[in-house]
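J.: Provided below: work-v1.txt, containing compact mmCIF, C-alpha atoms and all ligand atoms.
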# COMPACT_ATOMS: atom_id res chain seq x y z
CA MET A 1 -57.80 -35.97 -28.01
CA ALA A 2 -61.06 -34.44 -29.22
CA ALA A 3 -63.40 -33.09 -26.53
CA SER A 4 -66.57 -35.13 -26.07
CA PRO A 5 -69.75 -33.44 -27.37
CA LYS A 6 -70.99 -33.22 -23.77
CA SER A 7 -67.96 -31.27 -22.50
CA THR A 8 -68.49 -27.82 -21.08
CA SER A 9 -66.84 -24.98 -22.97
CA SER A 10 -64.22 -24.64 -20.22
CA ALA A 11 -63.41 -28.34 -20.46
CA LYS A 12 -63.15 -27.90 -24.21
CA SER A 13 -60.73 -25.02 -23.93
CA LYS A 14 -58.73 -26.93 -21.29
CA SER A 15 -58.37 -29.85 -23.62
CA ALA A 16 -57.37 -27.53 -26.49
CA ALA A 17 -54.76 -25.83 -24.29
CA ALA A 18 -53.37 -29.20 -23.25
CA LYS A 19 -53.17 -30.15 -26.90
CA ALA A 20 -51.34 -26.93 -27.70
CA ASP A 21 -48.77 -27.82 -25.05
CA GLU A 22 -48.15 -31.13 -26.78
CA THR A 23 -48.15 -29.87 -30.34
CA VAL A 24 -46.18 -26.61 -30.16
CA ALA A 25 -42.68 -27.89 -30.77
CA PRO A 26 -39.65 -25.85 -29.73
CA ASN A 27 -37.83 -23.89 -32.38
CA PRO A 28 -35.51 -26.50 -33.94
CA ARG A 29 -32.98 -23.79 -34.83
CA SER A 30 -32.50 -22.77 -31.24
CA LYS A 31 -29.28 -24.33 -29.86
CA SER A 32 -30.63 -24.62 -26.34
CA GLY A 33 -34.23 -25.33 -27.30
CA ALA A 34 -36.86 -22.61 -27.57
CA LYS A 35 -36.24 -19.85 -25.08
CA PRO A 36 -39.37 -19.11 -23.11
CA LEU A 37 -40.98 -15.76 -23.63
CA GLY A 38 -40.02 -13.49 -20.80
CA ASP A 39 -36.41 -14.59 -21.02
CA THR A 40 -35.70 -11.58 -23.18
CA LYS A 41 -32.72 -10.35 -21.23
CA GLY A 42 -30.53 -13.28 -22.06
CA ARG A 43 -31.76 -13.22 -25.59
CA ALA A 44 -31.29 -9.53 -26.25
CA ASP A 45 -27.82 -9.59 -24.72
CA ALA A 46 -26.64 -12.66 -26.60
CA ASP A 47 -23.86 -11.96 -29.09
CA ALA A 48 -25.89 -13.38 -31.95
CA TYR A 49 -28.48 -10.66 -31.65
CA GLY A 50 -27.50 -7.43 -33.36
CA GLU A 51 -25.51 -4.52 -32.08
CA HIS A 52 -26.33 -2.97 -28.72
CA ALA A 53 -26.09 0.68 -27.93
CA THR A 54 -23.15 0.77 -25.52
CA PHE A 55 -22.06 3.57 -23.23
CA ALA A 56 -19.16 4.35 -20.96
CA LYS A 57 -19.98 4.11 -17.25
CA GLY A 58 -22.26 6.97 -16.21
CA LYS A 59 -22.78 8.06 -19.84
CA ARG A 60 -26.09 6.43 -20.61
CA PRO A 61 -28.60 9.12 -21.66
CA SER A 62 -30.94 7.74 -18.97
CA ASP A 63 -28.31 8.43 -16.29
CA LYS A 64 -29.28 12.10 -16.64
CA LEU A 65 -32.97 11.50 -15.94
CA LYS A 66 -34.10 13.14 -12.72
CA PRO A 67 -36.37 11.31 -10.27
CA ALA A 68 -39.38 13.35 -11.48
CA GLU A 69 -38.67 12.29 -15.08
CA LEU A 70 -38.40 8.63 -14.06
CA VAL A 71 -41.78 8.96 -12.37
CA GLN A 72 -43.21 10.42 -15.60
CA ILE A 73 -41.94 7.42 -17.57
CA TYR A 74 -43.51 5.10 -15.00
CA ARG A 75 -46.76 7.10 -15.24
CA THR A 76 -46.82 6.58 -19.01
CA MET A 77 -46.37 2.82 -18.68
CA LEU A 78 -49.00 2.56 -16.00
CA LEU A 79 -51.43 4.81 -17.86
CA ALA A 80 -51.07 2.62 -20.96
CA ARG A 81 -51.60 -0.55 -18.86
CA ARG A 82 -54.65 0.77 -17.01
CA PHE A 83 -56.08 2.27 -20.20
CA GLU A 84 -55.95 -1.13 -21.88
CA GLU A 85 -57.31 -2.95 -18.84
CA HIS A 86 -60.29 -0.59 -18.89
CA VAL A 87 -60.61 -1.14 -22.64
CA VAL A 88 -60.83 -4.91 -22.05
CA ASP A 89 -63.52 -4.39 -19.39
CA GLN A 90 -65.53 -1.97 -21.52
CA PHE A 91 -65.28 -4.26 -24.53
CA ARG A 92 -66.62 -7.15 -22.44
CA GLU A 93 -69.44 -4.90 -21.16
CA GLY A 94 -70.42 -4.21 -24.77
CA ASN A 95 -69.60 -0.49 -24.53
CA LEU A 96 -66.79 -0.54 -27.01
CA PRO A 97 -67.38 -1.78 -30.56
CA GLY A 98 -64.96 -3.17 -33.12
CA PHE A 99 -61.93 -5.40 -32.91
CA VAL A 100 -59.35 -4.61 -30.27
CA HIS A 101 -55.69 -5.53 -29.79
CA VAL A 102 -53.93 -4.63 -26.55
CA ALA A 103 -50.20 -4.34 -25.92
CA ILE A 104 -50.25 -5.40 -22.27
CA GLY A 105 -46.65 -6.38 -21.48
CA GLN A 106 -45.11 -4.28 -24.26
CA GLU A 107 -45.37 -0.86 -22.56
CA GLY A 108 -41.60 -0.56 -22.03
CA ILE A 109 -41.11 0.00 -25.75
CA ALA A 110 -43.81 2.64 -26.12
CA ALA A 111 -42.73 4.56 -23.01
CA GLY A 112 -38.98 4.36 -23.74
CA VAL A 113 -39.48 5.63 -27.28
CA GLY A 114 -42.14 8.17 -26.37
CA HIS A 115 -39.98 9.83 -23.73
CA ALA A 116 -36.79 9.82 -25.83
CA LEU A 117 -38.24 11.87 -28.69
CA PRO A 118 -39.03 15.58 -28.78
CA GLU A 119 -42.61 16.62 -29.57
CA GLY A 120 -41.98 17.46 -33.23
CA ASP A 121 -41.08 13.89 -34.17
CA ILE A 122 -43.80 11.98 -35.95
CA ILE A 123 -44.91 8.41 -35.27
CA ALA A 124 -47.01 5.79 -37.02
CA SER A 125 -48.29 2.84 -35.08
CA THR A 126 -49.79 -0.57 -35.79
CA HIS A 127 -53.02 -2.43 -35.00
CA ARG A 128 -51.67 -2.53 -31.39
CA ALA A 129 -51.47 1.22 -30.98
CA HIS A 130 -52.85 2.52 -27.70
CA ALA A 131 -49.61 2.55 -25.70
CA HIS A 132 -47.61 4.23 -28.49
CA ILE A 133 -50.11 7.06 -28.70
CA ILE A 134 -50.49 7.51 -24.95
CA ALA A 135 -46.68 7.71 -24.74
CA ARG A 136 -46.75 10.68 -27.13
CA GLY A 137 -48.96 12.58 -24.71
CA SER A 138 -52.43 12.20 -26.25
CA SER A 139 -55.33 12.67 -23.86
CA VAL A 140 -56.51 9.32 -22.51
CA GLU A 141 -60.01 10.77 -22.28
CA ALA A 142 -60.09 11.62 -26.00
CA LEU A 143 -58.57 8.22 -26.82
CA MET A 144 -61.09 6.32 -24.69
CA ALA A 145 -63.96 8.33 -26.21
CA GLU A 146 -62.63 7.43 -29.66
CA MET A 147 -62.54 3.76 -28.71
CA MET A 148 -66.22 4.07 -27.78
CA GLY A 149 -67.11 5.90 -31.02
CA ARG A 150 -68.00 9.17 -29.25
CA ILE A 151 -67.83 12.64 -30.77
CA THR A 152 -65.33 13.76 -28.12
CA GLY A 153 -62.83 11.20 -29.43
CA VAL A 154 -59.54 12.08 -31.11
CA CYS A 155 -61.12 11.35 -34.51
CA GLN A 156 -64.61 12.46 -33.52
CA GLY A 157 -65.64 8.87 -32.99
CA LYS A 158 -65.03 7.70 -36.54
CA GLY A 159 -61.71 5.92 -36.07
CA GLY A 160 -61.90 3.47 -33.18
CA SER A 161 -59.00 1.37 -31.97
CA MET A 162 -57.34 0.60 -35.28
CA HIS A 163 -57.65 4.08 -36.77
CA LEU A 164 -56.72 6.22 -33.79
CA ALA A 165 -54.79 9.25 -34.98
CA ASP A 166 -53.88 12.46 -33.20
CA MET A 167 -52.33 15.01 -35.51
CA SER A 168 -52.04 17.46 -32.60
CA ARG A 169 -49.41 15.09 -31.14
CA ASN A 170 -47.83 14.20 -34.51
CA VAL A 171 -49.33 10.73 -34.37
CA VAL A 172 -50.20 9.73 -37.91
CA GLY A 173 -52.14 6.83 -36.54
CA ALA A 174 -52.87 3.26 -35.76
CA ASN A 175 -53.20 1.05 -38.78
CA GLY A 176 -54.99 -2.20 -39.50
CA VAL A 177 -52.79 -2.98 -42.50
CA VAL A 178 -49.83 -4.88 -41.08
CA GLY A 179 -46.49 -3.28 -41.97
CA SER A 180 -47.96 -0.22 -43.70
CA GLY A 181 -46.48 2.23 -41.18
CA VAL A 182 -43.06 1.54 -42.71
CA PRO A 183 -43.63 2.91 -46.23
CA MET A 184 -45.85 5.67 -44.79
CA MET A 185 -43.09 6.87 -42.51
CA THR A 186 -40.55 6.62 -45.31
CA GLY A 187 -42.72 9.21 -47.05
CA VAL A 188 -43.07 11.33 -43.92
CA ALA A 189 -39.29 11.17 -43.43
CA LEU A 190 -38.75 12.27 -47.03
CA ALA A 191 -40.94 15.31 -46.33
CA GLN A 192 -38.92 16.11 -43.18
CA LYS A 193 -35.69 15.92 -45.14
CA GLU A 194 -36.98 18.02 -48.05
CA LEU A 195 -38.51 20.63 -45.73
CA ALA A 196 -35.44 20.53 -43.44
CA THR A 197 -37.67 20.44 -40.36
CA GLY A 198 -35.13 18.66 -38.15
CA ASN A 199 -37.83 16.16 -37.18
CA ILE A 200 -37.57 12.44 -37.57
CA ALA A 201 -40.24 9.85 -38.39
CA VAL A 202 -40.79 6.64 -36.44
CA ALA A 203 -42.60 3.51 -37.62
CA PHE A 204 -43.53 0.75 -35.20
CA TYR A 205 -44.17 -2.71 -36.62
CA GLY A 206 -44.21 -6.31 -35.41
CA ASP A 207 -42.02 -9.33 -36.07
CA GLY A 208 -44.75 -10.69 -38.36
CA ALA A 209 -44.69 -7.48 -40.40
CA THR A 210 -41.02 -8.00 -41.24
CA SER A 211 -42.16 -10.59 -43.80
CA GLN A 212 -44.35 -8.04 -45.66
CA GLY A 213 -43.15 -6.83 -49.06
CA ASN A 214 -44.13 -3.20 -48.47
CA VAL A 215 -41.94 -3.12 -45.34
CA HIS A 216 -38.86 -3.93 -47.41
CA GLU A 217 -39.79 -1.58 -50.24
CA GLY A 218 -40.12 1.24 -47.72
CA MET A 219 -36.88 0.35 -45.97
CA ASN A 220 -34.97 0.11 -49.22
CA LEU A 221 -36.01 3.62 -50.24
CA ALA A 222 -35.34 5.00 -46.77
CA GLN A 223 -31.81 3.64 -46.83
CA ILE A 224 -30.99 4.63 -50.38
CA TRP A 225 -32.21 8.20 -49.69
CA GLU A 226 -30.68 8.27 -46.18
CA LEU A 227 -33.94 9.43 -44.65
CA PRO A 228 -34.40 10.42 -40.98
CA VAL A 229 -36.53 7.52 -39.81
CA LEU A 230 -36.48 4.87 -37.07
CA PHE A 231 -37.99 1.48 -37.81
CA ILE A 232 -38.88 -0.08 -34.46
CA CYS A 233 -39.77 -3.77 -34.50
CA GLU A 234 -41.69 -5.02 -31.47
CA ASN A 235 -40.56 -8.62 -31.41
CA ASN A 236 -43.16 -10.46 -29.35
CA ARG A 237 -42.40 -13.54 -31.46
CA TYR A 238 -45.97 -14.10 -32.53
CA ALA A 239 -48.02 -13.07 -35.53
CA GLU A 240 -51.59 -13.75 -34.44
CA SER A 241 -51.43 -17.42 -33.31
CA THR A 242 -48.26 -18.34 -35.18
CA PRO A 243 -44.90 -18.35 -33.39
CA SER A 244 -42.48 -16.42 -35.55
CA TRP A 245 -39.98 -19.25 -35.90
CA GLN A 246 -42.57 -21.06 -38.02
CA THR A 247 -42.75 -18.25 -40.58
CA VAL A 248 -39.42 -16.43 -40.29
CA PRO A 249 -36.37 -18.50 -41.31
CA ILE A 250 -33.87 -16.55 -39.17
CA ASP A 251 -33.84 -15.91 -35.42
CA ASP A 252 -31.98 -12.62 -35.46
CA LEU A 253 -34.40 -10.09 -36.95
CA THR A 254 -31.74 -7.37 -37.08
CA LEU A 255 -30.42 -9.26 -40.13
CA ARG A 256 -33.46 -8.00 -42.02
CA GLY A 257 -32.37 -4.40 -41.40
CA ALA A 258 -28.72 -5.23 -42.05
CA ALA A 259 -29.78 -6.68 -45.41
CA HIS A 260 -30.76 -3.12 -46.39
CA GLY A 261 -27.37 -1.82 -45.28
CA MET A 262 -29.05 -0.20 -42.30
CA LYS A 263 -27.66 0.68 -38.90
CA THR A 264 -29.29 -1.82 -36.53
CA PHE A 265 -29.73 -2.24 -32.80
CA ALA A 266 -31.13 -5.05 -30.68
CA VAL A 267 -32.53 -4.07 -27.30
CA ASP A 268 -34.42 -5.56 -24.39
CA GLY A 269 -37.77 -3.86 -24.94
CA ASN A 270 -38.89 -4.79 -21.44
CA ASP A 271 -36.19 -2.55 -20.01
CA VAL A 272 -37.71 0.89 -20.49
CA LEU A 273 -34.44 2.72 -19.82
CA ALA A 274 -32.52 0.55 -22.31
CA MET A 275 -35.26 1.43 -24.79
CA TYR A 276 -34.91 5.13 -23.93
CA ASP A 277 -31.11 4.98 -24.37
CA THR A 278 -31.22 3.08 -27.65
CA THR A 279 -33.89 5.37 -29.09
CA THR A 280 -31.91 8.46 -28.02
CA VAL A 281 -28.78 7.23 -29.81
CA ALA A 282 -30.74 6.07 -32.87
CA ALA A 283 -32.64 9.38 -33.09
CA GLU A 284 -29.38 11.36 -32.96
CA TYR A 285 -28.01 9.22 -35.78
CA ALA A 286 -31.10 9.66 -37.97
CA ARG A 287 -31.48 13.37 -37.18
CA SER A 288 -27.89 14.07 -38.09
CA GLY A 289 -28.55 12.91 -41.65
CA LYS A 290 -26.82 9.53 -41.50
CA GLY A 291 -29.95 7.64 -42.50
CA PRO A 292 -32.48 5.28 -40.98
CA VAL A 293 -32.01 3.00 -37.97
CA TYR A 294 -33.59 -0.42 -37.54
CA ILE A 295 -34.26 -1.42 -33.93
CA VAL A 296 -35.42 -4.83 -32.77
CA ALA A 297 -36.96 -4.64 -29.30
CA GLU A 298 -37.51 -8.00 -27.64
CA THR A 299 -40.73 -8.25 -25.68
CA GLN A 300 -43.78 -10.41 -25.02
CA ARG A 301 -47.48 -9.84 -25.05
CA LEU A 302 -49.11 -10.84 -21.78
CA SER A 303 -52.55 -11.27 -23.29
CA GLY A 304 -54.02 -12.70 -26.46
CA HIS A 305 -53.54 -11.38 -29.98
CA TYR A 306 -56.95 -9.71 -29.73
CA VAL A 307 -59.35 -9.19 -26.85
CA GLY A 308 -61.25 -12.47 -26.64
CA ASP A 309 -58.40 -14.65 -27.97
CA ALA A 310 -58.49 -17.95 -25.99
CA GLU A 311 -54.76 -18.47 -26.79
CA VAL A 312 -55.18 -22.21 -27.24
CA TYR A 313 -52.03 -22.15 -29.39
CA ARG A 314 -49.85 -20.93 -26.54
CA PRO A 315 -48.11 -23.41 -24.25
CA LYS A 316 -49.14 -22.76 -20.64
CA GLY A 317 -45.60 -22.65 -19.28
CA GLU A 318 -44.65 -20.04 -21.82
CA ALA A 319 -47.43 -17.66 -20.81
CA LYS A 320 -46.33 -17.99 -17.18
CA ALA A 321 -42.68 -17.34 -18.08
CA ALA A 322 -43.75 -14.30 -20.08
CA ARG A 323 -45.07 -12.65 -16.93
CA ALA A 324 -41.52 -12.55 -15.58
CA GLY A 325 -40.80 -10.08 -18.38
CA ASP A 326 -43.49 -7.60 -17.27
CA PRO A 327 -41.73 -4.24 -17.65
CA ILE A 328 -43.86 -2.34 -15.12
CA PRO A 329 -42.96 -4.00 -11.80
CA ALA A 330 -39.35 -4.24 -13.02
CA PHE A 331 -39.16 -0.50 -13.57
CA ARG A 332 -40.94 0.27 -10.32
CA THR A 333 -38.22 -1.65 -8.46
CA GLU A 334 -35.48 0.03 -10.46
CA MET A 335 -36.85 3.52 -9.80
CA LEU A 336 -36.67 2.95 -6.08
CA THR A 337 -32.95 2.15 -6.41
CA ARG A 338 -32.54 5.48 -8.24
CA LYS A 339 -33.62 7.76 -5.43
CA VAL A 340 -37.28 7.96 -6.40
CA LYS A 341 -39.43 8.22 -3.28
CA GLU A 342 -42.00 5.47 -2.83
CA SER A 343 -44.55 8.10 -1.78
CA ASP A 344 -44.14 9.75 -5.22
CA VAL A 345 -44.65 6.39 -6.91
CA LYS A 346 -47.81 5.74 -4.90
CA ALA A 347 -49.10 9.23 -5.63
CA VAL A 348 -48.74 8.69 -9.36
CA GLU A 349 -50.41 5.28 -9.09
CA ALA A 350 -53.42 6.86 -7.40
CA GLU A 351 -53.51 9.69 -9.93
CA VAL A 352 -53.50 7.22 -12.87
CA GLU A 353 -56.42 5.32 -11.32
CA GLU A 354 -58.44 8.51 -11.00
CA THR A 355 -57.51 9.76 -14.46
CA MET A 356 -58.65 6.50 -16.03
CA GLU A 357 -61.87 6.33 -14.06
CA ARG A 358 -62.72 9.88 -15.14
CA ALA A 359 -61.82 9.09 -18.76
CA VAL A 360 -64.15 6.08 -18.84
CA GLU A 361 -67.01 7.94 -17.14
CA ALA A 362 -66.71 10.96 -19.43
CA SER A 363 -66.53 8.76 -22.52
CA LEU A 364 -69.62 6.78 -21.54
CA ALA A 365 -71.51 10.02 -21.00
CA ALA A 366 -70.41 11.60 -24.32
CA ASP A 367 -72.60 11.73 -27.44
CA PHE A 368 -72.18 9.71 -30.59
CA PRO A 369 -71.48 11.73 -33.76
CA PRO A 370 -74.68 12.71 -35.62
CA ALA A 371 -75.67 10.43 -38.50
CA GLU A 372 -75.48 13.35 -40.98
CA ASP A 373 -71.71 13.56 -40.29
CA ALA A 374 -71.12 10.03 -41.56
CA MET A 375 -69.66 11.17 -44.88
CA LYS A 376 -67.61 14.02 -43.39
CA HIS A 377 -63.84 13.51 -43.27
CA VAL A 378 -63.98 10.65 -45.74
CA TYR A 379 -62.33 12.59 -48.57
CA ALA A 380 -59.82 15.43 -48.33
CA GLU A 381 -61.35 18.83 -48.94
CA TYR A 382 -59.62 21.20 -51.35
CA PRO A 383 -58.05 23.64 -51.00
CA TYR A 384 -56.45 21.59 -48.22
CA GLN A 385 -56.74 23.36 -44.86
CA GLY A 386 -55.54 20.60 -42.57
CA PRO A 387 -52.34 20.24 -40.58
CA VAL A 388 -48.99 19.75 -42.34
CA LEU A 389 -46.82 17.24 -40.54
CA GLY A 390 -43.62 18.65 -39.17
CA ALA A 391 -44.21 22.11 -40.67
C1 LIG A 401 -51.55 -6.73 -44.78
C2 LIG A 401 -52.18 -7.54 -43.68
N1 LIG A 401 -52.00 -8.88 -43.65
C3 LIG A 401 -52.56 -9.63 -42.66
C4 LIG A 401 -53.32 -9.03 -41.68
C5 LIG A 401 -53.93 -9.87 -40.56
N2 LIG A 401 -53.15 -9.66 -39.33
C6 LIG A 401 -53.53 -8.79 -38.37
S1 LIG A 401 -52.45 -8.72 -37.11
C7 LIG A 401 -51.46 -9.89 -37.79
C8 LIG A 401 -50.22 -10.35 -37.10
C9 LIG A 401 -49.16 -9.32 -37.07
O1 LIG A 401 -48.08 -9.80 -36.32
P1 LIG A 401 -46.94 -8.82 -35.88
O2 LIG A 401 -46.54 -7.96 -37.02
O3 LIG A 401 -45.88 -9.64 -35.26
O4 LIG A 401 -47.64 -7.89 -34.81
P2 LIG A 401 -48.25 -8.27 -33.38
O5 LIG A 401 -49.69 -8.61 -33.60
O6 LIG A 401 -47.48 -9.39 -32.82
O7 LIG A 401 -48.13 -7.01 -32.56
C10 LIG A 401 -51.98 -10.31 -39.02
C11 LIG A 401 -51.35 -11.32 -39.88
C12 LIG A 401 -53.49 -7.62 -41.75
N3 LIG A 401 -54.20 -6.96 -40.84
N4 LIG A 401 -52.88 -6.90 -42.73
MG MG A 402 -45.60 -10.14 -33.27
Since I need it in another form, could you write the structure as structure tokens?
T.:
Amino acid sequence: MAASPKSTSSAKSKSAAAKADETVAPNPRSKSGAKPLGDTKGRADADAYGEHATFAKGKRPSDKLKPAELVQIYRTMLLARRFEEHVVDQFREGNLPGFVHVAIGQEGIAAGVGHALPEGDIIASTHRAHAHIIARGSSVEALMAEMMGRITGVCQGKGGSMHLADMSRNVVGANGVVGSGVPMMTGVALAQKELATGNIAVAFYGDGATSQGNVHEGMNLAQIWELPVLFICENNRYAESTPSWQTVPIDDLTLRGAAHGMKTFAVDGNDVLAMYDTTTVAAEYARSGKGPVYIVAETQRLSGHYVGDAEVYRPKGEAKAARAGDPIPAFRTEMLTRKVKESDVKAVEAEVEETMERAVEASLAADFPPAEDAMKHVYAEYPYQGPVLGA
């Protein structure tokens, strides 16, 4: 029912949300009706969904992680979460320009991948990039300054959220062009193979991106040339406001990798250690020259597509169910069963708070780049003096 012209904006959005609940039909292909977001465990473990990395008892790569390493993984997830929460606040305060997408709820993927790969490996991200880059060890202060367009930022304030790049950490960058990390990283992987660096390339992309032509062109070449690259799909089952079942005619996205003859894995992306294990196995495969690996990581975003998204398209019950999939409290509980001391967990929580507060303060106090620098770094300068990836 349409809202009356006299309704307040909150009444309007309430009525729109109620309408969304009525109009968003369950996926008709799902045998048991649409599974709520957050129910990723059952889904990722179902037989229909791809191959899972399996290990003999006690042989999971993550079994070897020491308590201090588990705490580091937790720190990464928490740092990514708190970074993005501060980003949301600063955006609302008007201190942070542009268009911002956060990955709140998806940190298990970024942290699992980030910790499984050695420093030389090279990643490309998406429009939802902050957590991926933080998980590769970039300074949150330089990232926050970049978000605010300050000269102390990773790209001297000229990149912002969707063009964050940190070549010092082998992060080729965020990218506003959906799916474009895939062909880019096919090229980067070709360079690694030709130069015999021993590094691999990693492209993150979303479920929506799997319908992009350039994604399949890149994957086809990567497979035919057996390039050392991981294609990691973050399956949050939405592309902007559209649930993926409305635009993707199959439920098992690993089929899209299998169609290229690729080794594929499905994994619960909310389980950071499962993500670490699967990435470790996939990276060994790619590094040993066997070719690319296609990973589908099931997850959910706990906020809107972009900061400011009213999410009127999302059924209320689904958003609530999605919170059950939050990877951070789940991993905190798991760490404590693995001999991590609660005092160490609390210490890292306090340290992350302080680090983020300092990062925001320093970024707000930093200068903007001078106007005369506006045309600098727009074109490559020859002879090229910049960094060479993987060299
Ligand atoms: C080539 C291209 N097409 C469309 C868009 C508009 N767009 C931005 S994000 C997005 C949805 C992407 O969905 P998905 O790949 O699942 O990533 P998610 O946002 O869920 O992380 C779209 C269509 C774009 N930025 N680039
Ligand atoms: Mg998506």
J.: Which residue gives the smallest distance to ligand LIG 401 (chain A) among A:Arg128, A:His163, A:Lys346, A:Arg136, with all atoms listed in the file counted?
T.: A:Arg128
J.: Residues at most 9 Å from ligand MG 402 (chain A), using only C-alpha atoms and all ligand atoms? Could they come as a ChimeraX atom specification?
T.: /A:205-209,233-240,242-244,300-301,305
J.: So what do you get for CA of Pro329 (chain A) versus CA of Ile73 (chain A), distance-wise?
T.: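 Computing it gives 12.8 Å between the two atoms.
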J.: Provide the CA of Asp277 (chain A) to CA of Leu227 (chain A) distance in Å, to one decimal place.
T.: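 Spanning CA of Asp277 (chain A) to CA of Leu227 (chain A) is a straight-line distance of 21.0 Å.
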J.: Which residue out of A:Glu226, A:Glu351, A:Glu298, A:Glu69 has the minimum interatomic distance to ligand LIG 401 (chain A) when only C-alpha atoms and all ligand atoms are used?
T.: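 The closest residue to ligand LIG 401 (chain A) is A:Glu298.
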J.: To one decimal place, how far is CA of Gly325 (chain A) from CA of Arg82 (chain A) in Å?
T.: 17.6 Å
J.: List every protein, DNA or RNA residue that has at least one atom no more than 8 Å from (-57.1, -2.7, -30.4) in the file's coordinates, counting only C-alpha atoms, and write the result as JSON, numbers by chain.
T.: {"A": [99, 100, 101, 102, 127, 128, 129, 130, 161, 162, 306, 307]}
J.: For Gly386 (chain A), list every protein, DNA or RNA residue within 12 Å, evaluated using all atoms listed in the file, and leave out those in the same chain fewer than 4 positions away; present the list as a count of residues only.
T.: 7
J.: Please, which residues are within 9 Å of (-31.5, 2.5, -49.4) by the file's coordinates, counting all atoms listed in the file, and could they come as a ChimeraX atom specification?
T.: /A:218-227,260-262,291-292
J.: For Ala350 (chain A), find every residue with an atom within 12 Å (counting only C-alpha atoms), except residues of its own chain fewer than 5 positions away, and show them as a PyMOL selection string.
T.: chain A and resi 75+78-79+82+343-345+355-357
J.: Hey, could you pull the box centre and edge lengths for ligand LIG 401 (chain A), axis-aligned, 5 Å padding per side, all listed atoms, to one decimal in Å, as JSON?
T.:
{"center_x": -50.0, "center_y": -9.0, "center_z": -38.7, "size_x": 18.3, "size_y": 14.6, "size_z": 22.2}
J.: Pick out the closest residue to ligand LIG 401 (chain A) from this set: A:Val215, A:Ala258, A:Ala80, A:Leu143. Count all atoms listed in the file.
T.: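 Selected residue with least distance to ligand LIG 401 (chain A): A:Val215.
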J.: As a list in words, please: the residues near Ala283 (chain A) (cut-off 10 Å, only C-alpha atoms, same-chain neighbours under 4 positions excluded).
T.: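 After dropping sequence-adjacent residues, the list is Val113, Ala116, Leu117, Pro118, Asp121, Asn199, Ile200, Ala201, Val202, Pro228, Val229, Leu230, Asp277, Thr278, Thr279, Arg287, Ser288, Gly291, Pro292 and Val293 of chain A.
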J.: Neighbours of Ala203 (chain A) within 7 Å (all atoms listed in the file; same-chain residues fewer than 4 positions away dropped), as a list in words?
T.: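 Contacts, in chain order: Ile123, Ala124, Ser125, Gly181, Val182, Met185, Leu230, Phe231 and Ile232 of chain A.
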J.: So, counting only C-alpha atoms and all ligand atoms, which residue among A:Ser303, A:Thr280, A:Ser180, A:Thr197 is closest to ligand LIG 401 (chain A)?
T.: A:Ser180
J.: A:Met144, A:Leu96, A:Ala266, A:Val177: which is nearest ligand LIG 401 (chain A), counting all atoms listed in the file?
T.: A:Val177
J.: Considering all atoms listed in the file, state which residue in the set A:Phe55, A:Tyr285, A:Phe331, A:Trp245 is at the smallest distance from ligand LIG 401 (chain A).
T.: A:Trp245
